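> Structure incoming, see below.
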Amino acid sequence: MSVLDSKVPGGPIEKKWSAHKNNIRLVNPANKRNIDVIVVGTGLAGGSAAASMAELGYNVKAFCFQDSPRRAHSIAAQGGINAAKNYQGDGDSIYRLFYDTVKGGDYRAREANVYRLAEVSVNIIDQCVAQGVPFARDYGGLLDNRSFGGAQVSRTFYAKGQTGQQLLLGAYSAMSRQIGKGKIKMYNRHEMLELVLVDGKARGIIARNLVSGKLERFSGHAVVIASGGYGNVFFLSTNAMGSNATAAWRIHKKGAYFANPCFTQIHPTCIPVSGDHQSKLTLMSESLRNDGRIWVPKNMEDVEAIRKGTKKPVDIPAEDRDYYLERRYPAFGNLVPRDVASRAAKERCDAGYGVNATGEAVFLDFASAIERYGNEQATMAGMANASREKILEMGREVVKAKYGNLFQMYYKITDDDPYFTPMKIYPAVHYTMGGIWVDYNLMTTVPGCYAIGEANFSDHGANRLGASALMQGLADGYFVLPYTIADYLADDIRTGAISTETAEFDEAEKAVKDRITSLMSIGGSKSVDHFHKRLGKVMWDKVGMARNEQGLKEAITEIKAIREEFYKDLRIPGAMEEFNPELDKANRVADFLELGELMAMDALTRSESCGGHFREESQTEEGEAKRNDKEFTYVSAWEYTGNVSEPKLHKESLEFENIKLVERNYK
Amino acid sequence: MSRSVILKSSIVKKYWMALTGLFLCLFLVGHLLGNLQLFAASEEGRRAFNEYGYFMGHNIFIKILSYLTYISILFHAIDGILLTVQNKKARPINYVKNNAGANSSLASRSMAILGSIILIFIVTHMANFWWVVKMSSKQMPLHSIVYTDQKSGMSQDLYITHSGNMLPTAYFESSEMAPAQMKIKNGTEFYSAEGDLLIGEGYKDMHSLVYAFFGHDKTKYGFPENKLALWAVIGYVISMLVLAYHLMHGFASAFQSLGLRHPAYTKLIKGLGTGFAIIIPLLFAIIPIYIYLTK
Amino acid sequence: MKLTLKIWRQKGPNDKGQMATYPIDGIDGDMSFLEMLDVLNEQLIHKGEEPVAFDHDCREGICGMCSLFINGEAHGPDRGVTTCQLHMRKFDDGDTIYIEPWRAKAFPVIKDLVVDRTAFDRVMAAGGFVSVNTSGNTQDANAIPIAKADADKAFEAATCIGCGACVATCKNSSAMLFVSAKVSQLALLPQGQVEARDRVLNMVKKMDEEGFGNCTNTGACEVECPKEISLDNIARMNREFMKAALCHED
């Protein structure tokens with residue numbers, strides 16, 4: 001097994017990034033004008049990277065499969081963005097954010113990257129405010145903060161429940177400015193289907209124009225992949241319908257190692273599945289756990305009565321309720337990290353206490369918060385004799401001001417009014433910590449090919465803390481990649497424009513064309529979704545919240561079988577060279593069917609529990625995740641060998657010089 | 001402001017619509033105040049109205065305002081037509097099913113058609129009154145009264161001049177016996193036939209013109225009977241209804257177009273607009289009904 | 001639930017389209033409108049017919065991609081939701097549902113129910129930004145306090161998802177609500193005020209060039225907007241434009 005070079009600079013951790021910036025090479029402004037950079041994806045990472053690099057002077061070609069860069073799924077992030085500003089004066093610091101993130105990630109992240117992330121987090125807030133992002137403010141006109149899981153300070157900046165939207169629109173506006181100047185050439189409704197290598201370097205991509213269906217060639221001196229995570233392998237997830245792993249998987253098959261593919265985050269608070277027709281799952285922000293209490297009934301009779309509809313949740317007295325998070329984790333209570341909360345919900349539902357028809361739901365109850373806020377309001381208004389109804393009414397108003405849009409969303413989807421009855425929630429796939437392996441410069445193992453944002457693996461270890469994804473995406477795009485990419489591009493100032501009329505591009509385009517033609521010509525009987533749903537079920541059942549050796553082995557076999565059937569019995573209507581959403585999906589699902597297998601293999605190799613990866617064989621007596629630092633303090637990076645089922649494992653061992661490895665404890 | 005912006009921008013077009021529209025609202029108020037005097041059917045009322053009419057026709061400020069009004073009407077109409085044409089072009093294919101009633105008022109969606117009806121009304125209205133008073137080559141009857149001598153019981157018709165003198169209308173009539181002693185020149189001026197001396201000036205009898213137009217009685221003072229008076233009343237009332245709808249949206253809309261919107265005042269403006277849209281056309285419409293019913 | 005769907009089918013941008021009728025059965029009230037269309041498409045594929053093309057992505061009401069004109073209203077009969085958040089319980093058994101694409105000259109149809117909304121991107125590129133570079137060398141985020149009321153108003157304007165329902169709903173296909181939301185957001189914040197005049201002139205100019213109609217204040221956009229963006233923003237843009245146009249020097 002080869003040793004991966006993470007290129008982490010030497011020196012004390014708090015000096016690494018500034019020293020590195022001082023030492024890497026630059027490209028002068030005149031030369032930047034002669035350099036093209038391809039950016040695939042326009043979410044927080046891709047959008048901010050494209051805007052920043054265009055601002056610096058590079059010619060950027062940006063790609064997204066949606067009809068506008070503003071629609072990337074970063075837009076759906078709700079809760080907030082962390083930054084070590086310490087505006088609240090509650091003891092926050094860069095070090096604390098760094099520490100919380102490494103601990104939250106269950107000590108499977110690269111220290112130097114995380115420290116840099118915490119360091120630039122403060123710039124993000126400055127930058128976004130300068131761009132006109134309307135963060136929440138207090139009555140003094142200064143920025144407000146709230147708390148998120150896994151932290152003991154208030155460092156989360158937010159814009160109601162739409163922080164991702166506001167940040168993305170900020171990045172999109174920065175992009176728009178460069179598009180208007182002609183420095184970014186935007187390709188909407190284009191999907192990258194192949195990476196083109198010239199002399200071993202990333203020099204271009206083949207993309208399909210999703211409107212005309214034609215394959216198009218694009219060249220660049222570097223290629224940046226910012227295409228997000230791969231949660232849609234599970235079919236049902238909080239990802240957008242179009243979110244896919246194709247760009248990442250394509251570069252993987254051209255030599256980029258895929259790191260920690262089994263690290264997926266299951267978010268504890270999502271609206272449960274309501275039926276077979278379900279196409280996606282909707283997240284209810286983690287911020288709700290600030291005020292919501294999670295419970296299931298203590299008694300089986302009550303569970304059954306609720307399922308039958310003969311009893312309402314509000315009718316169950318407090319002593320018959322099991323607030324299991326408060327019971328198991330008294331110190332953090334309902335604000336334990338996501339992986340812990342998810343597993344606890346699964347544990348209760350597996351034991352038979354799920355509160356909906358499918359047995360896969362728990363209550364998230366705001367009744368006590370409403371009453372508490374109501375009393376507070378009554379006291380403030382000097383209403384000593386307010387009726388209970390009046391108090392509850394005032395309490396609901398407070399809750400509405402905090403979470404109004406989430407409550408409305410829940411109501412529209414479920415037709416239940418969460419102001420009066422507890423929400424039903426259940427964990428769902430949300431984020432993937434794993435991704436393309438990158439070094440400290442965010443470059444993959446393919447020279448000139450970079451991966452940023454959720455598409456890479458770098459900063460969150462085995463579990464991501466709430467409000468850290470936005471931070472990482474923007475940090476990579478605005479403040480890290482624009483510096484580090486110059487170090488590579490400094491060699492390209494004399495290269496000149498890269499022609500797309502070369503044997504390498506011919507070959508790459510032919511490969512894509514052959515792949516699509518073979519898909520189109522299967523002429524089977526089943527739709528893409530049929531296979532995708534089956535894959536998702538296997539993944540959820542066996543590579544989901546809890547995994548074991550036998551299940552993972554079965555999953556590998558089953559995924560292979562589904563893949564075989566896919567290539568025998570798939571039906572794609574229409575033609576290749578036209579607007580054909582079914583073909584778009586087929587391309588993506590074909591890659592999911594391969595990636596799913598790798599995820600299972602990675603999960604099988606890592607026979608410890610850590611963060612979001614829970615191996616049933618490795619748990620404490622109380623059922624908590626049990627890490628095995630001796631054997632697994634490494635990043636697994638998988639190399640494609642030409643056969644999907646026989647990837648080669650490389651290990652980047654993780655050195656912790658600044659943080660001592662201890663068991664995560666939220667009790 | 002650059003010329004291209006004045007001419008081309010969609011928002012500037014809206015400013016013009018709003019400004020001319022609001023000016024026309026002011027005009028409506030002024031016009032209505034004048035018209036309300038028509039409720040006075042008595043001789044004094046008639047005299048007052050005709051004197052008012054003379055004033056309106058001969059005051060320089062009123063003249064400027066009236067030209068502004070003409071320009072506003074023209075601009076409002078032309079701009080409206082331009083906007084409508086552009087708006088139609090912006091949606092070349094219509095919806096098969098459009099449930100517009102769920103999101104907007106009928107009035108707001110019908111401004112162009114309502115405006116067109118109002119324009120037709122303005123044209124006929126001006127033909128019926130403005131043309132007769134100002135432009136027609138036919139002599140408009142002047143204000144005259146019937147004087148009955150109490151002793152003899154004889155009565156005669158007399159023109160009234162600005163200075164309060166009276167001139168028997170008989171002087172202006174020629175008979176087989178003798179030629180007319182006096183004549184009317186320039187519409188309202190009384191001249192002696194002999195020596196061509198200006199004796200005085202009379203008032204155009206607009207009060208009677210209106211009463212003759214909307215009243216169904218045989219009239220005096222030189223106006224023929226309007227056999228279509230009922231239709232005139234109906235047409236007028238319908239037009240006022242149309243105006244009411246137009247104002248119902250137009251009044252508040254003008255404020256919105258000019259950016260005059262504030263959470264604290266929006267309700268007030270809407271309320272004012274609704275009130276204006278109901279009260280002004282209603283009062284306008286009552287006058288011909290009153291005339292028709294009383295005469 | 002049994003329904004009759006009348007859906008606009010159009011092969012490509014230059015083809016003539018027409019309404020087609022599809023009966024559908026077994027629809028559950030808990031399905032979202034798009035999941036109902038998924039069911040239809042699954043059936044069409046099974047029968048060897050072309051599925052209905054429609055835009056969608058996040059399916060949680062925030063990306064702004066879904067765009068259907070349902071029974072004569074943008075995003076259907078429910079209020080404050082996008083098509084993907086519209087649920088079938090809003091319909092009754094036996095209903096006939098008309099599904100059409102956004103209609104506007106500036107939004108040409110690509111296929112079936114999919115339209116091209118890049119005109120919005122071009123309006124944004126004309127000025128929907130603050131010209132600050134992305135270096136991070138800006139002043140501290142708390143250096144300029146912003147009144148909470150202004151920040152909140154700016155936020156409300158900024159929640160626009162750019163779906164185009166305002167254009168689709170407006171009888172004039174006007175984009176005023178969309179454009180004014182961005183103009184308002186940035187005009188309300190000190191960071192955006194520096195170039196407020198150029199911004200409003202440039203964005204309105206581009207909006208006009210793209211072939212959107214004029215605003216006649218019907219207020220339909222505000223009613224159908226899934227994010228309930230207020231007409232206040234249009235009034236604010238009218239004000240901003242007047243200020244800018246009166247003071248502009250060319």
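Chain labels follow the order of the structure tokens: the first chain is A, the next B, and so on; residue numbering restarts at 1 in every chain, and ligands are counted from 1 in their shown order.
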Neighbours of A:Glu631 within 12 Å (only C-alpha atoms; same-chain residues fewer than 2 positions away dropped), as JSON, numbers by chain?
{"A": [605, 606, 607, 608, 609, 627, 628, 629, 633, 634, 635, 636, 651, 653, 654]}
> Using only all heavy atoms, please write the residues we just selected to a file, as a CSV table (one decimal), in the first residue's frame.

chain,number,residue,atom,x,y,z
A,605,THR,N,-14.5,-2.9,5.4
A,605,THR,CA,-13.1,-2.8,5.8
A,605,THR,C,-12.9,-2.2,7.2
A,605,THR,O,-12.1,-2.5,8.0
A,605,THR,CB,-12.2,-2.0,4.8
A,605,THR,OG1,-12.8,-2.1,3.6
A,605,THR,CG2,-10.8,-2.4,4.8
A,606,ARG,N,-13.7,-1.1,7.4
A,606,ARG,CA,-13.6,-0.4,8.6
A,606,ARG,C,-14.4,-1.0,9.7
A,606,ARG,O,-15.6,-0.6,10.0
A,606,ARG,CB,-14.0,1.1,8.4
A,606,ARG,CG,-13.6,2.0,9.6
A,606,ARG,CD,-13.9,3.5,9.2
A,606,ARG,NE,-13.0,4.1,8.3
A,606,ARG,CZ,-11.8,4.7,8.7
A,606,ARG,NH1,-11.5,4.7,10.0
A,606,ARG,NH2,-11.0,5.2,7.8
A,607,SER,N,-13.8,-2.0,10.4
A,607,SER,CA,-14.6,-2.7,11.4
A,607,SER,C,-14.6,-2.1,12.8
A,607,SER,O,-14.6,-2.7,13.8
A,607,SER,CB,-14.1,-4.2,11.5
A,607,SER,OG,-12.8,-4.2,11.8
A,608,GLU,N,-14.6,-0.8,12.8
A,608,GLU,CA,-14.8,0.0,14.0
A,608,GLU,C,-16.0,0.8,13.8
A,608,GLU,O,-16.6,0.9,12.7
A,608,GLU,CB,-13.6,0.9,14.2
A,608,GLU,CG,-13.5,2.0,13.2
A,608,GLU,CD,-12.7,3.2,13.5
A,608,GLU,OE1,-12.3,3.4,14.7
A,608,GLU,OE2,-12.4,4.1,12.6
A,609,SER,N,-16.5,1.4,14.9
A,609,SER,CA,-17.6,2.4,14.8
A,609,SER,C,-17.0,3.7,15.0
A,609,SER,O,-16.1,3.9,15.9
A,609,SER,CB,-18.6,2.1,15.9
A,609,SER,OG,-19.3,0.9,15.7
A,627,ARG,N,-14.8,3.3,19.0
A,627,ARG,CA,-13.7,3.5,18.0
A,627,ARG,C,-12.6,2.6,18.3
A,627,ARG,O,-12.4,2.1,19.4
A,627,ARG,CB,-13.2,4.9,18.1
A,627,ARG,CG,-13.7,5.9,17.0
A,627,ARG,CD,-13.0,7.2,17.0
A,627,ARG,NE,-12.0,7.4,18.0
A,627,ARG,CZ,-12.1,8.3,19.0
A,627,ARG,NH1,-13.3,8.9,19.2
A,627,ARG,NH2,-11.1,8.5,19.9
A,628,ASN,N,-11.8,2.3,17.2
A,628,ASN,CA,-10.6,1.5,17.4
A,628,ASN,C,-9.5,2.3,16.8
A,628,ASN,O,-9.1,2.2,15.6
A,628,ASN,CB,-10.8,0.2,16.7
A,628,ASN,CG,-9.6,-0.7,16.8
A,628,ASN,OD1,-8.5,-0.2,17.2
A,628,ASN,ND2,-9.7,-1.9,16.4
A,629,ASP,N,-8.9,3.2,17.7
A,629,ASP,CA,-7.9,4.1,17.2
A,629,ASP,C,-6.6,3.4,16.8
A,629,ASP,O,-5.9,3.9,15.9
A,629,ASP,CB,-7.6,5.2,18.3
A,629,ASP,CG,-8.7,6.1,18.5
A,629,ASP,OD1,-9.5,6.3,17.5
A,629,ASP,OD2,-8.9,6.6,19.6
A,633,THR,N,-7.0,4.7,12.7
A,633,THR,CA,-6.8,6.2,12.7
A,633,THR,C,-6.2,6.5,11.3
A,633,THR,O,-5.0,7.0,11.2
A,633,THR,CB,-5.9,6.6,13.8
A,633,THR,OG1,-6.4,6.0,15.0
A,633,THR,CG2,-5.9,8.1,14.0
A,634,TYR,N,-7.0,6.3,10.3
A,634,TYR,CA,-6.5,6.6,8.9
A,634,TYR,C,-7.7,6.9,8.1
A,634,TYR,O,-8.8,6.7,8.4
A,634,TYR,CB,-5.7,5.4,8.3
A,634,TYR,CG,-6.5,4.2,8.1
A,634,TYR,CD1,-7.3,4.1,7.0
A,634,TYR,CD2,-6.4,3.0,8.9
A,634,TYR,CE1,-8.1,2.9,6.7
A,634,TYR,CE2,-7.1,1.9,8.7
A,634,TYR,CZ,-7.9,1.8,7.6
A,634,TYR,OH,-8.7,0.7,7.3
A,635,VAL,N,-7.3,7.6,6.9
A,635,VAL,CA,-8.3,7.8,5.9
A,635,VAL,C,-8.2,6.7,4.9
A,635,VAL,O,-7.1,6.4,4.4
A,635,VAL,CB,-8.0,9.2,5.2
A,635,VAL,CG1,-8.9,9.4,4.0
A,635,VAL,CG2,-8.1,10.3,6.2
A,636,SER,N,-9.3,6.1,4.6
A,636,SER,CA,-9.2,5.1,3.5
A,636,SER,C,-9.4,5.7,2.2
A,636,SER,O,-10.4,6.5,2.0
A,636,SER,CB,-10.2,3.9,3.7
A,636,SER,OG,-11.4,4.4,3.9
A,651,LYS,N,-4.0,4.1,2.4
A,651,LYS,CA,-4.3,4.6,3.7
A,651,LYS,C,-3.5,5.9,4.0
A,651,LYS,O,-2.3,5.9,3.8
A,651,LYS,CB,-4.0,3.6,4.8
A,651,LYS,CG,-5.0,2.4,4.8
A,651,LYS,CD,-4.6,1.4,5.8
A,651,LYS,CE,-5.5,0.2,5.7
A,651,LYS,NZ,-5.1,-0.9,6.6
A,653,SER,N,-2.5,7.9,7.0
A,653,SER,CA,-2.7,7.8,8.5
A,653,SER,C,-2.8,9.2,9.1
A,653,SER,O,-2.3,10.2,8.6
A,653,SER,CB,-1.5,7.1,9.1
A,653,SER,OG,-0.4,7.9,9.0
A,654,LEU,N,-3.7,9.3,10.0
A,654,LEU,CA,-4.0,10.6,10.6
A,654,LEU,C,-3.1,10.9,11.9
A,654,LEU,O,-3.1,10.0,12.8
A,654,LEU,CB,-5.5,10.7,11.0
A,654,LEU,CG,-6.4,10.7,9.8
A,654,LEU,CD1,-7.8,10.4,10.2
A,654,LEU,CD2,-6.3,11.9,9.0
> How would you write, as a VMD selection string, the set of residues in stretch 98-174 of chain A that DSSP gives as strand (DSSP E or B)?
chain A and resid 137 143 146 156 to 157 159 161
> Put those residues in a file: N, CA, C and O atoms, as a PDB file, in the first residue's frame.

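Listing of out18.pdb after writing:
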ATOM      1  N   ARG A 137     -30.155  39.753  12.791  1.00  0.00           N
ATOM      2  CA  ARG A 137     -29.497  40.735  13.655  1.00  0.00           C
ATOM      3  C   ARG A 137     -30.324  40.945  14.916  1.00  0.00           C
ATOM      4  O   ARG A 137     -31.518  40.670  14.944  1.00  0.00           O
ATOM      5  N   LEU A 143     -24.880  41.343  14.505  1.00  0.00           N
ATOM      6  CA  LEU A 143     -25.233  39.992  14.078  1.00  0.00           C
ATOM      7  C   LEU A 143     -25.615  39.106  15.257  1.00  0.00           C
ATOM      8  O   LEU A 143     -24.999  39.174  16.325  1.00  0.00           O
ATOM      9  N   ARG A 146     -26.892  31.581  17.119  1.00  0.00           N
ATOM     10  CA  ARG A 146     -27.598  30.557  17.885  1.00  0.00           C
ATOM     11  C   ARG A 146     -26.707  29.330  18.064  1.00  0.00           C
ATOM     12  O   ARG A 146     -25.594  29.289  17.550  1.00  0.00           O
ATOM     13  N   THR A 156     -23.224  30.068  15.683  1.00  0.00           N
ATOM     14  CA  THR A 156     -23.869  29.839  14.402  1.00  0.00           C
ATOM     15  C   THR A 156     -24.583  31.099  13.932  1.00  0.00           C
ATOM     16  O   THR A 156     -25.483  31.599  14.601  1.00  0.00           O
ATOM     17  N   PHE A 157     -24.149  31.612  12.777  1.00  0.00           N
ATOM     18  CA  PHE A 157     -24.804  32.760  12.150  1.00  0.00           C
ATOM     19  C   PHE A 157     -25.930  32.215  11.271  1.00  0.00           C
ATOM     20  O   PHE A 157     -25.797  31.139  10.689  1.00  0.00           O
ATOM     21  N   ALA A 159     -29.815  33.024   8.897  1.00  0.00           N
ATOM     22  CA  ALA A 159     -30.832  33.895   8.296  1.00  0.00           C
ATOM     23  C   ALA A 159     -32.121  33.079   8.342  1.00  0.00           C
ATOM     24  O   ALA A 159     -32.398  32.293   7.453  1.00  0.00           O
ATOM     25  N   GLY A 161     -34.610  30.206   8.762  1.00  0.00           N
ATOM     26  CA  GLY A 161     -34.315  28.811   8.406  1.00  0.00           C
ATOM     27  C   GLY A 161     -33.845  28.703   6.978  1.00  0.00           C
ATOM     28  O   GLY A 161     -34.007  27.667   6.342  1.00  0.00           O
TER      29      GLY A 161
END
> At a cut-off of 6 Å, which residues of chain C touch chain A? Count only C-alpha atoms and give the answer as a CSV table (one decimal) with C-alpha atoms, in the first residue's frame.

chain,number,residue,atom,x,y,z
C,50,GLU,CA,-42.5,9.5,-23.7
C,57,ASP,CA,-34.9,19.5,-8.1
C,58,CYS,CA,-34.9,20.1,-4.4
C,63,CYS,CA,-34.5,25.8,-5.2
C,125,ALA,CA,-25.8,39.7,-14.2
C,129,PHE,CA,-24.9,42.1,-6.8
C,130,VAL,CA,-22.6,44.2,-4.6
C,134,THR,CA,-14.2,38.0,-2.9
C,136,GLY,CA,-12.1,38.3,2.4
C,140,ASP,CA,-15.4,43.3,10.1
C,141,ALA,CA,-19.0,42.0,9.7
C,142,ASN,CA,-20.1,44.0,12.7
C,145,PRO,CA,-24.7,48.0,12.5
C,146,ILE,CA,-27.9,47.6,10.5
C,147,ALA,CA,-31.3,48.3,12.0
C,148,LYS,CA,-33.1,45.0,12.7
C,151,ALA,CA,-32.2,43.7,7.9
C,155,PHE,CA,-34.1,39.2,4.3
C,191,GLN,CA,-23.4,47.6,1.7
> Taking only C-alpha atoms into account, find every residue of chain C that has an atom no more than 7 Å from chain B, and write it out as JSON, numbers by chain.
{"C": [71, 72, 73, 98, 103, 104, 105, 172, 173, 205, 208, 211, 212, 213, 214, 217, 218, 219, 220, 223, 224, 232, 235, 236, 238, 239, 245, 246, 247, 248, 250]}
> Could you list, as a VMD selection string, every residue within 6 Å of A:Leu44, counting only C-alpha atoms and ignoring same-chain residues fewer than 6 positions away?
chain A and resid 168 473 to 474
> Among stretch 44-273 of chain B, which residues carry a DSSP assignment of alpha helix (DSSP H), reported as a PyMOL selection string?
chain B and resi 44-58+60-89+106-109+111-125+206-214+229-257+263-273
> Env of B:Gly275: 10 Å cut, atoms = only C-alpha atoms, seq-sep filter 6 positions within chain, self excluded. Answer as a list in words.
Ala244, Leu247, Met248, Phe251 and Ile269 of chain B
> Could you save those same residues with C-alpha atoms as an mmCIF file, in the first residue's frame?

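This went into again-v3.cif:
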data_model
loop_
_atom_site.group_PDB
_atom_site.id
_atom_site.type_symbol
_atom_site.label_atom_id
_atom_site.label_comp_id
_atom_site.auth_asym_id
_atom_site.auth_seq_id
_atom_site.Cartn_x
_atom_site.Cartn_y
_atom_site.Cartn_z
ATOM 1 C CA ALA B 244 -65.837 53.760 -11.041
ATOM 2 C CA LEU B 247 -60.746 54.326 -10.533
ATOM 3 C CA MET B 248 -61.225 51.426 -8.169
ATOM 4 C CA PHE B 251 -56.357 55.499 -7.884
ATOM 5 C CA ILE B 269 -54.597 54.965 0.224
#
> Do a neighbour search on stretch 87-89 of chain C at 6 Å with only C-alpha atoms, toss out local chain neighbours closer than 5 positions, and write the hits as a PyMOL selection string.
chain C and resi 29+31-33
> Tell me, as a ChimeraX atom specification, which residues lie within 12 Å of stretch 58-72 of chain B, counting only C-alpha atoms; anything in the same chain fewer than 2 positions away does not count.
/B:16-28,30-31,51-56,74-80,119,122-123,126,130,134,203
> Please, what distance in Å, to one decimal, runs between atom CA of A:Glu319 and atom CA of A:Ser368?
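Atom-to-atom, atom CA of A:Glu319 and atom CA of A:Ser368 are spaced 14.1 Å apart.
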> Extract, using only C-alpha atoms, all DNA, RNA and protein residues at most 9 Å from A:Gln472, discarding same-chain residues fewer than 4 positions from it, and format them as number ranges by chain.
A: 44-45, 117, 121, 452-454, 459-460, 468, 476-477
